[in-house]
Amino acid sequence: MDYQHIITIEPGKRSGKPCIRGMRITVYDILEYLASGMSEAEILEDFSELTSEDIKACLAFVADREKKLFVASL
């Protein structure tokens, strides 16, 4: 998935953390909700401005970042 048009990083917003489409909802927020047991449907119900594609973009962003960290450690 191409998350680059969904995940944005702005120095003045949420201390430069990766956010979804310029909103104040961070990738970390979504991951924390998923890790706590919330389903995608529950997240979308609580945050009507989000889409399923936004959640998938968060997962793709983190997977890509993890891959880059692994490669950099080699």
# chains A, B, ... in the order shown; residues from 1 in each chain; ligands from 1
>>> closest_atom_pairs(of="segment 17-70 of chain A", to="segment 3-11 of chain A", cutoff="9 Å", atoms="only C-alpha atoms", output="Markdown table")
| residue | atom | partner | partner_atom | distance |
| --- | --- | --- | --- | --- |
| A:Lys17 | CA | A:Ile9 | CA | 6.1 |
| A:Pro18 | CA | A:Ile9 | CA | 4.8 |
| A:Cys19 | CA | A:Thr8 | CA | 5.2 |
| A:Ile20 | CA | A:Ile7 | CA | 4.9 |
| A:Arg21 | CA | A:Ile6 | CA | 4.9 |
| A:Gly22 | CA | A:Thr8 | CA | 5.8 |
| A:Met23 | CA | A:Thr8 | CA | 8.6 |
| A:Thr26 | CA | A:Ile7 | CA | 8.7 |
| A:Val27 | CA | A:Ile7 | CA | 7.9 |
| A:Glu53 | CA | A:Ile6 | CA | 8.6 |
| A:Asp54 | CA | A:Ile6 | CA | 6.7 |
| A:Lys56 | CA | A:Tyr3 | CA | 8.3 |
| A:Ala57 | CA | A:Tyr3 | CA | 4.8 |
| A:Cys58 | CA | A:Ile7 | CA | 7.2 |
| A:Ala60 | CA | A:Tyr3 | CA | 6.7 |
| A:Phe61 | CA | A:Tyr3 | CA | 6.4 |
>>> closest_residue(among="A:Leu69, A:Met1, A:Ile30, A:Ala35", to="Ile55 of chain A", atoms="only C-alpha atoms")
A:Ile30
>>> atom_distance(atom1="atom CA of Ile25 of chain A", atom2="atom CA of Ser48 of chain A")
12.0 Å
>>> select_by_dssp(residues="chain A", states="helix (DSSP H, G or I)", output="PyMOL selection string")
chain A and resi 14-16+27-35+40-46+52-73
>>> write_last_selection(atoms="N, CA and C atoms", output="short mmCIF file (atom, residue, chain, number, x, y, z; two decimals), in the first residue's frame")
data_model
loop_
_atom_site.label_atom_id
_atom_site.label_comp_id
_atom_site.auth_asym_id
_atom_site.auth_seq_id
_atom_site.Cartn_x
_atom_site.Cartn_y
_atom_site.Cartn_z
N ARG A 14 1.53 17.79 16.68
CA ARG A 14 1.77 16.62 17.54
C ARG A 14 3.27 16.31 17.67
N SER A 15 4.05 17.36 17.79
CA SER A 15 5.52 17.26 17.97
C SER A 15 6.20 16.54 16.82
N GLY A 16 5.65 16.63 15.63
CA GLY A 16 6.26 16.03 14.46
C GLY A 16 6.01 14.55 14.31
N VAL A 27 -0.29 7.95 14.01
CA VAL A 27 -0.14 6.53 13.72
C VAL A 27 -0.07 5.77 15.05
N TYR A 28 0.66 6.34 16.01
CA TYR A 28 0.79 5.71 17.33
C TYR A 28 -0.58 5.54 17.98
N ASP A 29 -1.45 6.54 17.88
CA ASP A 29 -2.79 6.44 18.46
C ASP A 29 -3.52 5.22 17.90
N ILE A 30 -3.48 5.06 16.59
CA ILE A 30 -4.18 3.95 15.95
C ILE A 30 -3.59 2.62 16.39
N LEU A 31 -2.27 2.54 16.43
CA LEU A 31 -1.63 1.29 16.87
C LEU A 31 -1.99 0.97 18.31
N GLU A 32 -2.04 1.99 19.14
CA GLU A 32 -2.39 1.79 20.54
C GLU A 32 -3.83 1.27 20.68
N TYR A 33 -4.74 1.82 19.88
CA TYR A 33 -6.13 1.34 19.91
C TYR A 33 -6.20 -0.12 19.47
N LEU A 34 -5.50 -0.46 18.40
CA LEU A 34 -5.51 -1.84 17.93
C LEU A 34 -4.89 -2.78 18.96
N ALA A 35 -3.78 -2.36 19.56
CA ALA A 35 -3.10 -3.19 20.56
C ALA A 35 -3.95 -3.39 21.81
N GLU A 40 -11.03 -2.66 13.98
CA GLU A 40 -11.05 -1.59 12.99
C GLU A 40 -12.42 -0.92 12.97
N ALA A 41 -13.47 -1.72 13.04
CA ALA A 41 -14.83 -1.18 13.02
C ALA A 41 -15.08 -0.26 14.21
N GLU A 42 -14.58 -0.62 15.38
CA GLU A 42 -14.76 0.22 16.57
C GLU A 42 -14.02 1.55 16.43
N ILE A 43 -12.83 1.50 15.89
CA ILE A 43 -12.06 2.73 15.68
C ILE A 43 -12.79 3.64 14.70
N LEU A 44 -13.27 3.06 13.61
CA LEU A 44 -13.99 3.85 12.60
C LEU A 44 -15.29 4.42 13.16
N GLU A 45 -15.91 3.69 14.07
CA GLU A 45 -17.13 4.18 14.70
C GLU A 45 -16.83 5.37 15.63
N ASP A 46 -15.72 5.29 16.35
CA ASP A 46 -15.34 6.36 17.28
C ASP A 46 -14.78 7.60 16.57
N SER A 52 -11.08 3.08 6.49
CA SER A 52 -10.37 1.81 6.58
C SER A 52 -8.99 1.93 5.93
N GLU A 53 -8.91 2.69 4.87
CA GLU A 53 -7.63 2.92 4.19
C GLU A 53 -6.64 3.64 5.11
N ASP A 54 -7.12 4.54 5.95
CA ASP A 54 -6.25 5.23 6.90
C ASP A 54 -5.60 4.24 7.87
N ILE A 55 -6.38 3.30 8.37
CA ILE A 55 -5.86 2.31 9.32
C ILE A 55 -4.85 1.41 8.62
N LYS A 56 -5.15 0.99 7.42
CA LYS A 56 -4.21 0.16 6.65
C LYS A 56 -2.93 0.93 6.36
N ALA A 57 -3.04 2.23 6.10
CA ALA A 57 -1.86 3.06 5.85
C ALA A 57 -0.98 3.14 7.10
N CYS A 58 -1.59 3.21 8.27
CA CYS A 58 -0.82 3.21 9.52
C CYS A 58 -0.02 1.92 9.65
N LEU A 59 -0.66 0.81 9.38
CA LEU A 59 0.03 -0.48 9.48
C LEU A 59 1.14 -0.59 8.44
N ALA A 60 0.89 -0.13 7.23
CA ALA A 60 1.91 -0.17 6.18
C ALA A 60 3.08 0.73 6.52
N PHE A 61 2.80 1.91 7.09
CA PHE A 61 3.84 2.84 7.49
C PHE A 61 4.75 2.21 8.54
N VAL A 62 4.16 1.60 9.54
CA VAL A 62 4.95 1.00 10.62
C VAL A 62 5.73 -0.21 10.10
N ALA A 63 5.12 -1.00 9.24
CA ALA A 63 5.83 -2.15 8.67
C ALA A 63 7.04 -1.68 7.86
N ASP A 64 6.86 -0.63 7.10
CA ASP A 64 7.96 -0.09 6.30
C ASP A 64 9.05 0.47 7.19
N ARG A 65 8.66 1.18 8.23
CA ARG A 65 9.64 1.75 9.17
C ARG A 65 10.42 0.63 9.87
N GLU A 66 9.73 -0.41 10.26
CA GLU A 66 10.39 -1.55 10.91
C GLU A 66 11.38 -2.20 9.96
N LYS A 67 10.99 -2.36 8.71
CA LYS A 67 11.89 -2.95 7.71
C LYS A 67 13.14 -2.08 7.54
N LYS A 68 12.95 -0.77 7.49
CA LYS A 68 14.09 0.14 7.34
C LYS A 68 15.01 0.09 8.55
N LEU A 69 14.45 -0.04 9.75
CA LEU A 69 15.28 -0.15 10.96
C LEU A 69 16.09 -1.43 10.93
N PHE A 70 15.48 -2.52 10.47
CA PHE A 70 16.18 -3.80 10.40
C PHE A 70 17.33 -3.71 9.40
N VAL A 71 17.08 -3.15 8.24
CA VAL A 71 18.11 -3.03 7.21
C VAL A 71 19.23 -2.12 7.70
N ALA A 72 18.88 -1.03 8.38
CA ALA A 72 19.89 -0.10 8.88
C ALA A 72 20.77 -0.75 9.94
N SER A 73 20.23 -1.70 10.70
CA SER A 73 21.02 -2.35 11.74
C SER A 73 22.00 -3.36 11.18
#
>>> select_by_dssp(residues="chain A", states="strand (DSSP E)", output="PyMOL selection string")
chain A and resi 7-8+19-20
